[in-house]
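Chemist: Contents of final-v5.pdb (PDB, N, CA and C atoms) are below:
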ATOM      1  N   MET A  88      40.812 -14.514  35.529  1.00  0.00           N
ATOM      2  CA  MET A  88      41.729 -15.258  36.364  1.00  0.00           C
ATOM      3  C   MET A  88      43.136 -15.047  35.810  1.00  0.00           C
ATOM      4  N   ASP A  89      44.064 -14.850  36.682  1.00  0.00           N
ATOM      5  CA  ASP A  89      45.456 -14.684  36.296  1.00  0.00           C
ATOM      6  C   ASP A  89      46.010 -16.004  35.753  1.00  0.00           C
ATOM      7  N   ASP A  90      46.817 -15.942  34.717  1.00  0.00           N
ATOM      8  CA  ASP A  90      47.378 -17.149  34.104  1.00  0.00           C
ATOM      9  C   ASP A  90      48.091 -18.040  35.115  1.00  0.00           C
ATOM     10  N   LEU A  91      48.755 -17.451  36.073  1.00  0.00           N
ATOM     11  CA  LEU A  91      49.488 -18.233  37.073  1.00  0.00           C
ATOM     12  C   LEU A  91      48.565 -19.018  37.999  1.00  0.00           C
ATOM     13  N   ASP A  92      47.299 -18.613  38.091  1.00  0.00           N
ATOM     14  CA  ASP A  92      46.342 -19.297  38.955  1.00  0.00           C
ATOM     15  C   ASP A  92      45.610 -20.440  38.257  1.00  0.00           C
ATOM     16  N   VAL A  93      45.745 -20.540  36.947  1.00  0.00           N
ATOM     17  CA  VAL A  93      44.995 -21.538  36.182  1.00  0.00           C
ATOM     18  C   VAL A  93      45.304 -22.975  36.617  1.00  0.00           C
ATOM     19  N   PRO A  94      46.576 -23.401  36.715  1.00  0.00           N
ATOM     20  CA  PRO A  94      46.821 -24.799  37.105  1.00  0.00           C
ATOM     21  C   PRO A  94      46.184 -25.184  38.438  1.00  0.00           C
ATOM     22  N   GLU A  95      46.283 -24.319  39.424  1.00  0.00           N
ATOM     23  CA  GLU A  95      45.695 -24.618  40.731  1.00  0.00           C
ATOM     24  C   GLU A  95      44.171 -24.691  40.640  1.00  0.00           C
ATOM     25  N   HIS A  96      43.567 -23.779  39.882  1.00  0.00           N
ATOM     26  CA  HIS A  96      42.107 -23.789  39.707  1.00  0.00           C
ATOM     27  C   HIS A  96      41.659 -25.095  39.052  1.00  0.00           C
ATOM     28  N   LEU A  97      42.366 -25.517  38.014  1.00  0.00           N
ATOM     29  CA  LEU A  97      42.001 -26.755  37.321  1.00  0.00           C
ATOM     30  C   LEU A  97      42.145 -27.956  38.244  1.00  0.00           C
ATOM     31  N   GLU A  98      43.226 -28.014  38.963  1.00  0.00           N
ATOM     32  CA  GLU A  98      43.441 -29.132  39.889  1.00  0.00           C
ATOM     33  C   GLU A  98      42.370 -29.162  40.964  1.00  0.00           C
ATOM     34  N   ASP A  99      41.973 -28.004  41.467  1.00  0.00           N
ATOM     35  CA  ASP A  99      40.891 -27.944  42.461  1.00  0.00           C
ATOM     36  C   ASP A  99      39.599 -28.514  41.902  1.00  0.00           C
ATOM     37  N   ARG A 100      39.282 -28.186  40.660  1.00  0.00           N
ATOM     38  CA  ARG A 100      38.058 -28.697  40.032  1.00  0.00           C
ATOM     39  C   ARG A 100      38.122 -30.212  39.883  1.00  0.00           C
ATOM     40  N   MET A 101      39.280 -30.721  39.491  1.00  0.00           N
ATOM     41  CA  MET A 101      39.408 -32.158  39.240  1.00  0.00           C
ATOM     42  C   MET A 101      39.451 -32.976  40.523  1.00  0.00           C
ATOM     43  N   THR A 102      40.000 -32.430  41.588  1.00  0.00           N
ATOM     44  CA  THR A 102      40.043 -33.182  42.839  1.00  0.00           C
ATOM     45  C   THR A 102      38.754 -33.019  43.640  1.00  0.00           C
ATOM     46  N   GLY A 103      37.911 -32.074  43.240  1.00  0.00           N
ATOM     47  CA  GLY A 103      36.657 -31.845  43.942  1.00  0.00           C
ATOM     48  C   GLY A 103      35.574 -32.854  43.606  1.00  0.00           C
ATOM     49  N   SER A 104      35.750 -33.607  42.509  1.00  0.00           N
ATOM     50  CA  SER A 104      34.778 -34.635  42.120  1.00  0.00           C
ATOM     51  C   SER A 104      35.503 -35.686  41.288  1.00  0.00           C
ATOM     52  N   PRO A 105      34.931 -36.884  41.182  1.00  0.00           N
ATOM     53  CA  PRO A 105      35.620 -37.955  40.455  1.00  0.00           C
ATOM     54  C   PRO A 105      35.642 -37.776  38.938  1.00  0.00           C
ATOM     55  N   GLY A 106      34.853 -36.880  38.400  1.00  0.00           N
ATOM     56  CA  GLY A 106      34.802 -36.706  36.950  1.00  0.00           C
ATOM     57  C   GLY A 106      33.968 -37.791  36.292  1.00  0.00           C
ATOM     58  N   LEU A 107      33.782 -37.657  35.014  1.00  0.00           N
ATOM     59  CA  LEU A 107      33.007 -38.620  34.230  1.00  0.00           C
ATOM     60  C   LEU A 107      33.950 -39.410  33.340  1.00  0.00           C
ATOM     61  N   ARG A 108      33.789 -40.704  33.341  1.00  0.00           N
ATOM     62  CA  ARG A 108      34.634 -41.562  32.499  1.00  0.00           C
ATOM     63  C   ARG A 108      34.259 -41.326  31.045  1.00  0.00           C
ATOM     64  N   MET A 109      35.257 -41.075  30.209  1.00  0.00           N
ATOM     65  CA  MET A 109      35.032 -40.864  28.780  1.00  0.00           C
ATOM     66  C   MET A 109      35.316 -42.153  28.026  1.00  0.00           C
ATOM     67  N   ARG A 110      35.125 -42.106  26.718  1.00  0.00           N
ATOM     68  CA  ARG A 110      35.394 -43.280  25.886  1.00  0.00           C
ATOM     69  C   ARG A 110      36.845 -43.722  26.072  1.00  0.00           C
ATOM     70  N   GLY A 111      37.091 -44.993  25.793  1.00  0.00           N
ATOM     71  CA  GLY A 111      38.423 -45.545  25.961  1.00  0.00           C
ATOM     72  C   GLY A 111      39.445 -44.941  25.017  1.00  0.00           C
ATOM     73  N   THR A 112      40.694 -45.078  25.373  1.00  0.00           N
ATOM     74  CA  THR A 112      41.788 -44.601  24.537  1.00  0.00           C
ATOM     75  C   THR A 112      42.482 -45.802  23.903  1.00  0.00           C
ATOM     76  N   PRO A 113      43.163 -45.619  22.775  1.00  0.00           N
ATOM     77  CA  PRO A 113      43.871 -46.747  22.151  1.00  0.00           C
ATOM     78  C   PRO A 113      44.884 -47.405  23.092  1.00  0.00           C
ATOM     79  N   SER A 114      45.487 -46.622  23.974  1.00  0.00           N
ATOM     80  CA  SER A 114      46.486 -47.167  24.893  1.00  0.00           C
ATOM     81  C   SER A 114      45.863 -47.839  26.110  1.00  0.00           C
ATOM     82  N   GLY A 115      44.563 -47.658  26.308  1.00  0.00           N
ATOM     83  CA  GLY A 115      43.887 -48.235  27.456  1.00  0.00           C
ATOM     84  C   GLY A 115      43.971 -47.383  28.714  1.00  0.00           C
ATOM     85  N   VAL A 116      44.621 -46.224  28.628  1.00  0.00           N
ATOM     86  CA  VAL A 116      44.706 -45.326  29.777  1.00  0.00           C
ATOM     87  C   VAL A 116      43.342 -44.663  29.990  1.00  0.00           C
ATOM     88  N   PRO A 117      42.816 -44.710  31.216  1.00  0.00           N
ATOM     89  CA  PRO A 117      41.513 -44.101  31.457  1.00  0.00           C
ATOM     90  C   PRO A 117      41.524 -42.591  31.174  1.00  0.00           C
ATOM     91  N   ARG A 118      40.424 -42.097  30.667  1.00  0.00           N
ATOM     92  CA  ARG A 118      40.250 -40.667  30.380  1.00  0.00           C
ATOM     93  C   ARG A 118      39.009 -40.191  31.109  1.00  0.00           C
ATOM     94  N   PHE A 119      39.150 -39.094  31.843  1.00  0.00           N
ATOM     95  CA  PHE A 119      38.053 -38.528  32.606  1.00  0.00           C
ATOM     96  C   PHE A 119      37.857 -37.073  32.225  1.00  0.00           C
ATOM     97  N   ALA A 120      36.617 -36.584  32.379  1.00  0.00           N
ATOM     98  CA  ALA A 120      36.308 -35.199  32.025  1.00  0.00           C
ATOM     99  C   ALA A 120      35.494 -34.545  33.137  1.00  0.00           C
ATOM    100  N   TRP A 121      35.656 -33.239  33.242  1.00  0.00           N
ATOM    101  CA  TRP A 121      34.911 -32.409  34.187  1.00  0.00           C
ATOM    102  C   TRP A 121      34.396 -31.188  33.447  1.00  0.00           C
ATOM    103  N   TRP A 122      33.289 -30.646  33.908  1.00  0.00           N
ATOM    104  CA  TRP A 122      32.748 -29.405  33.355  1.00  0.00           C
ATOM    105  C   TRP A 122      32.790 -28.348  34.442  1.00  0.00           C
ATOM    106  N   ASP A 123      33.387 -27.221  34.138  1.00  0.00           N
ATOM    107  CA  ASP A 123      33.423 -26.082  35.060  1.00  0.00           C
ATOM    108  C   ASP A 123      32.431 -25.056  34.532  1.00  0.00           C
ATOM    109  N   GLY A 124      31.226 -25.077  35.092  1.00  0.00           N
ATOM    110  CA  GLY A 124      30.174 -24.190  34.629  1.00  0.00           C
ATOM    111  C   GLY A 124      30.457 -22.719  34.881  1.00  0.00           C
ATOM    112  N   ALA A 125      31.250 -22.424  35.903  1.00  0.00           N
ATOM    113  CA  ALA A 125      31.568 -21.032  36.221  1.00  0.00           C
ATOM    114  C   ALA A 125      32.377 -20.363  35.115  1.00  0.00           C
ATOM    115  N   THR A 126      33.203 -21.156  34.420  1.00  0.00           N
ATOM    116  CA  THR A 126      34.056 -20.595  33.364  1.00  0.00           C
ATOM    117  C   THR A 126      33.726 -21.143  31.981  1.00  0.00           C
ATOM    118  N   GLY A 127      32.788 -22.124  31.895  1.00  0.00           N
ATOM    119  CA  GLY A 127      32.462 -22.731  30.600  1.00  0.00           C
ATOM    120  C   GLY A 127      33.618 -23.529  30.040  1.00  0.00           C
ATOM    121  N   THR A 128      34.350 -24.204  30.940  1.00  0.00           N
ATOM    122  CA  THR A 128      35.553 -24.921  30.543  1.00  0.00           C
ATOM    123  C   THR A 128      35.392 -26.418  30.733  1.00  0.00           C
ATOM    124  N   MET A 129      35.840 -27.177  29.737  1.00  0.00           N
ATOM    125  CA  MET A 129      35.886 -28.630  29.810  1.00  0.00           C
ATOM    126  C   MET A 129      37.310 -29.030  30.170  1.00  0.00           C
ATOM    127  N   LEU A 130      37.448 -29.874  31.185  1.00  0.00           N
ATOM    128  CA  LEU A 130      38.743 -30.360  31.628  1.00  0.00           C
ATOM    129  C   LEU A 130      38.840 -31.838  31.290  1.00  0.00           C
ATOM    130  N   VAL A 131      39.967 -32.267  30.776  1.00  0.00           N
ATOM    131  CA  VAL A 131      40.165 -33.674  30.418  1.00  0.00           C
ATOM    132  C   VAL A 131      41.492 -34.130  30.999  1.00  0.00           C
ATOM    133  N   ARG A 132      41.466 -35.291  31.662  1.00  0.00           N
ATOM    134  CA  ARG A 132      42.705 -35.889  32.169  1.00  0.00           C
ATOM    135  C   ARG A 132      42.810 -37.303  31.641  1.00  0.00           C
ATOM    136  N   GLU A 133      43.977 -37.611  31.099  1.00  0.00           N
ATOM    137  CA  GLU A 133      44.278 -38.951  30.603  1.00  0.00           C
ATOM    138  C   GLU A 133      45.593 -39.362  31.244  1.00  0.00           C
ATOM    139  N   GLY A 134      45.494 -40.240  32.249  1.00  0.00           N
ATOM    140  CA  GLY A 134      46.690 -40.616  33.007  1.00  0.00           C
ATOM    141  C   GLY A 134      47.226 -39.401  33.743  1.00  0.00           C
ATOM    142  N   ASP A 135      48.506 -39.091  33.527  1.00  0.00           N
ATOM    143  CA  ASP A 135      49.082 -37.915  34.189  1.00  0.00           C
ATOM    144  C   ASP A 135      49.142 -36.708  33.262  1.00  0.00           C
ATOM    145  N   LYS A 136      48.450 -36.787  32.125  1.00  0.00           N
ATOM    146  CA  LYS A 136      48.387 -35.679  31.173  1.00  0.00           C
ATOM    147  C   LYS A 136      46.976 -35.122  31.150  1.00  0.00           C
ATOM    148  N   GLY A 137      46.839 -33.919  30.654  1.00  0.00           N
ATOM    149  CA  GLY A 137      45.516 -33.341  30.581  1.00  0.00           C
ATOM    150  C   GLY A 137      45.487 -32.089  29.727  1.00  0.00           C
ATOM    151  N   THR A 138      44.278 -31.607  29.522  1.00  0.00           N
ATOM    152  CA  THR A 138      44.081 -30.392  28.748  1.00  0.00           C
ATOM    153  C   THR A 138      42.788 -29.731  29.196  1.00  0.00           C
ATOM    154  N   PHE A 139      42.558 -28.545  28.727  1.00  0.00           N
ATOM    155  CA  PHE A 139      41.300 -27.866  29.000  1.00  0.00           C
ATOM    156  C   PHE A 139      40.949 -27.022  27.790  1.00  0.00           C
ATOM    157  N   MET A 140      39.650 -26.760  27.637  1.00  0.00           N
ATOM    158  CA  MET A 140      39.183 -25.969  26.500  1.00  0.00           C
ATOM    159  C   MET A 140      37.845 -25.343  26.839  1.00  0.00           C
ATOM    160  N   GLN A 141      37.519 -24.285  26.132  1.00  0.00           N
ATOM    161  CA  GLN A 141      36.213 -23.650  26.257  1.00  0.00           C
ATOM    162  C   GLN A 141      35.519 -23.803  24.906  1.00  0.00           C
ATOM    163  N   PRO A 142      34.783 -24.922  24.726  1.00  0.00           N
ATOM    164  CA  PRO A 142      34.173 -25.209  23.431  1.00  0.00           C
ATOM    165  C   PRO A 142      33.103 -24.193  23.041  1.00  0.00           C
ATOM    166  N   ASP A 143      33.014 -23.923  21.741  1.00  0.00           N
ATOM    167  CA  ASP A 143      32.003 -23.000  21.225  1.00  0.00           C
ATOM    168  C   ASP A 143      30.596 -23.457  21.586  1.00  0.00           C
ATOM    169  N   ASP A 144      30.374 -24.783  21.588  1.00  0.00           N
ATOM    170  CA  ASP A 144      29.054 -25.327  21.899  1.00  0.00           C
ATOM    171  C   ASP A 144      28.840 -25.517  23.398  1.00  0.00           C
ATOM    172  N   GLY A 145      29.814 -25.125  24.213  1.00  0.00           N
ATOM    173  CA  GLY A 145      29.694 -25.172  25.661  1.00  0.00           C
ATOM    174  C   GLY A 145      29.348 -26.537  26.209  1.00  0.00           C
ATOM    175  N   TYR A 146      28.404 -26.552  27.122  1.00  0.00           N
ATOM    176  CA  TYR A 146      28.019 -27.771  27.825  1.00  0.00           C
ATOM    177  C   TYR A 146      27.493 -28.838  26.871  1.00  0.00           C
ATOM    178  N   GLU A 147      26.858 -28.446  25.793  1.00  0.00           N
ATOM    179  CA  GLU A 147      26.365 -29.415  24.805  1.00  0.00           C
ATOM    180  C   GLU A 147      27.523 -30.229  24.231  1.00  0.00           C
ATOM    181  N   TYR A 148      28.630 -29.577  23.952  1.00  0.00           N
ATOM    182  CA  TYR A 148      29.826 -30.273  23.460  1.00  0.00           C
ATOM    183  C   TYR A 148      30.314 -31.266  24.499  1.00  0.00           C
ATOM    184  N   PHE A 149      30.382 -30.825  25.743  1.00  0.00           N
ATOM    185  CA  PHE A 149      30.821 -31.688  26.842  1.00  0.00           C
ATOM    186  C   PHE A 149      29.952 -32.943  26.907  1.00  0.00           C
ATOM    187  N   LEU A 150      28.652 -32.776  26.807  1.00  0.00           N
ATOM    188  CA  LEU A 150      27.748 -33.928  26.875  1.00  0.00           C
ATOM    189  C   LEU A 150      27.954 -34.894  25.713  1.00  0.00           C
ATOM    190  N   LYS A 151      28.260 -34.367  24.531  1.00  0.00           N
ATOM    191  CA  LYS A 151      28.484 -35.222  23.365  1.00  0.00           C
ATOM    192  C   LYS A 151      29.748 -36.054  23.517  1.00  0.00           C
ATOM    193  N   GLU A 152      30.752 -35.472  24.142  1.00  0.00           N
ATOM    194  CA  GLU A 152      32.021 -36.168  24.294  1.00  0.00           C
ATOM    195  C   GLU A 152      31.921 -37.252  25.331  1.00  0.00           C
TER     196      GLU A 152
END
Let me see the file written as structure tokens.
Modeler:
Amino acid sequence: MDDLDVPEHLEDRMTGSPGLRMRGTPSGVPRFAWWDGATGTMLVREGDKGTFMQPDDGYEYFLKE
């Protein structure tokens, strides 16, 4: 995937399902996660911020979090 297409791809994944609620944050801002099986990527959104990663342990890591 081209680097310029990454933000749109991530947003599509996150708006396509509600995600899974993760453990609470110290600030109380909700944190949600999604798994993209096609790319082996974990997506995390906390408020209006977010990140993504491809963990070495893949889906097992996602389940632990």
Chemist: Show me, as a list in words, the residues that have an atom within 8 Å of Thr126 of chain A when counting only N, CA and C atoms, minus same-chain residues fewer than 4 positions from it.
Modeler: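 Residues near the query, excluding close chain neighbours: Trp122, Met140 and Gln141 of chain A.
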Chemist: Just to confirm, what's the straight-line distance from atom N of Asp90 of chain A to atom C of Gly103 of chain A in Å (one decimal)?
Modeler: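 Value for the atom N of Asp90 of chain A-atom C of Gly103 of chain A distance: 22.2 Å.
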Chemist: Within chain A, find each residue whose DSSP state, derived from the backbone, is helix (DSSP H, G or I), and express the selection as a VMD selection string.
Modeler: chain A and resid 90 to 102 146 to 151
Chemist: Grab the atom CA of Val93 of chain A to atom CA of Glu133 of chain A distance for me, in Å with one decimal place.
Modeler: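 Going from atom CA of Val93 of chain A over to atom CA of Glu133 of chain A, I get 18.3 Å.
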Chemist: As an exercise, work out the distance from atom C of Gly106 of chain A to atom CA of Asp89 of chain A in Å and give it to one decimal place.
Modeler: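 Atom CA of Asp89 of chain A lies at a distance of 25.8 Å from atom C of Gly106 of chain A.
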Chemist: I'd like the neighbourhood of Leu107 of chain A as a PyMOL selection string, where a residue qualifies if any of its atoms comes within 6 Å (using all atoms listed in the file), though same-chain residues fewer than 4 positions away should be ignored.
Modeler: chain A and resi 118-121
Chemist: Running DSSP on the backbone, which parts of chain A land in strand (DSSP E or B), as a ChimeraX atom specification?
Modeler: /A:107-108,118-123,128-133,136-140
Chemist: How about saving the chosen residues, N, CA and C atoms kept, as a short mmCIF file (atom, residue, chain, number, x, y, z; two decimals), in the frame of the given file?
Modeler:
data_model
loop_
_atom_site.label_atom_id
_atom_site.label_comp_id
_atom_site.auth_asym_id
_atom_site.auth_seq_id
_atom_site.Cartn_x
_atom_site.Cartn_y
_atom_site.Cartn_z
N LEU A 107 33.78 -37.66 35.01
CA LEU A 107 33.01 -38.62 34.23
C LEU A 107 33.95 -39.41 33.34
N ARG A 108 33.79 -40.70 33.34
CA ARG A 108 34.63 -41.56 32.50
C ARG A 108 34.26 -41.33 31.04
N ARG A 118 40.42 -42.10 30.67
CA ARG A 118 40.25 -40.67 30.38
C ARG A 118 39.01 -40.19 31.11
N PHE A 119 39.15 -39.09 31.84
CA PHE A 119 38.05 -38.53 32.61
C PHE A 119 37.86 -37.07 32.22
N ALA A 120 36.62 -36.58 32.38
CA ALA A 120 36.31 -35.20 32.02
C ALA A 120 35.49 -34.54 33.14
N TRP A 121 35.66 -33.24 33.24
CA TRP A 121 34.91 -32.41 34.19
C TRP A 121 34.40 -31.19 33.45
N TRP A 122 33.29 -30.65 33.91
CA TRP A 122 32.75 -29.40 33.35
C TRP A 122 32.79 -28.35 34.44
N ASP A 123 33.39 -27.22 34.14
CA ASP A 123 33.42 -26.08 35.06
C ASP A 123 32.43 -25.06 34.53
N THR A 128 34.35 -24.20 30.94
CA THR A 128 35.55 -24.92 30.54
C THR A 128 35.39 -26.42 30.73
N MET A 129 35.84 -27.18 29.74
CA MET A 129 35.89 -28.63 29.81
C MET A 129 37.31 -29.03 30.17
N LEU A 130 37.45 -29.87 31.18
CA LEU A 130 38.74 -30.36 31.63
C LEU A 130 38.84 -31.84 31.29
N VAL A 131 39.97 -32.27 30.78
CA VAL A 131 40.16 -33.67 30.42
C VAL A 131 41.49 -34.13 31.00
N ARG A 132 41.47 -35.29 31.66
CA ARG A 132 42.70 -35.89 32.17
C ARG A 132 42.81 -37.30 31.64
N GLU A 133 43.98 -37.61 31.10
CA GLU A 133 44.28 -38.95 30.60
C GLU A 133 45.59 -39.36 31.24
N LYS A 136 48.45 -36.79 32.12
CA LYS A 136 48.39 -35.68 31.17
C LYS A 136 46.98 -35.12 31.15
N GLY A 137 46.84 -33.92 30.65
CA GLY A 137 45.52 -33.34 30.58
C GLY A 137 45.49 -32.09 29.73
N THR A 138 44.28 -31.61 29.52
CA THR A 138 44.08 -30.39 28.75
C THR A 138 42.79 -29.73 29.20
N PHE A 139 42.56 -28.54 28.73
CA PHE A 139 41.30 -27.87 29.00
C PHE A 139 40.95 -27.02 27.79
N MET A 140 39.65 -26.76 27.64
CA MET A 140 39.18 -25.97 26.50
C MET A 140 37.84 -25.34 26.84
#
Chemist: Given only C-alpha atoms as the basis, pick out the residue of A:Pro105, A:Glu98, A:Leu91, A:Pro113 nearest to Phe139 of chain A.
Modeler: A:Glu98
Chemist: If the PyMOL selection byres (((chain A and resi 152 and name CA) around 12) and name CA) is run on the structure shown, which residues does it catch, given as a count of residues only?
Modeler: 22
Chemist: Considering all atoms listed in the file, can you say which of A:Thr102, A:Arg132, A:Thr138, A:His96 comes closest to Val116 of chain A?
Modeler: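 Closest to Val116 of chain A, using all atoms listed in the file: A:Arg132.
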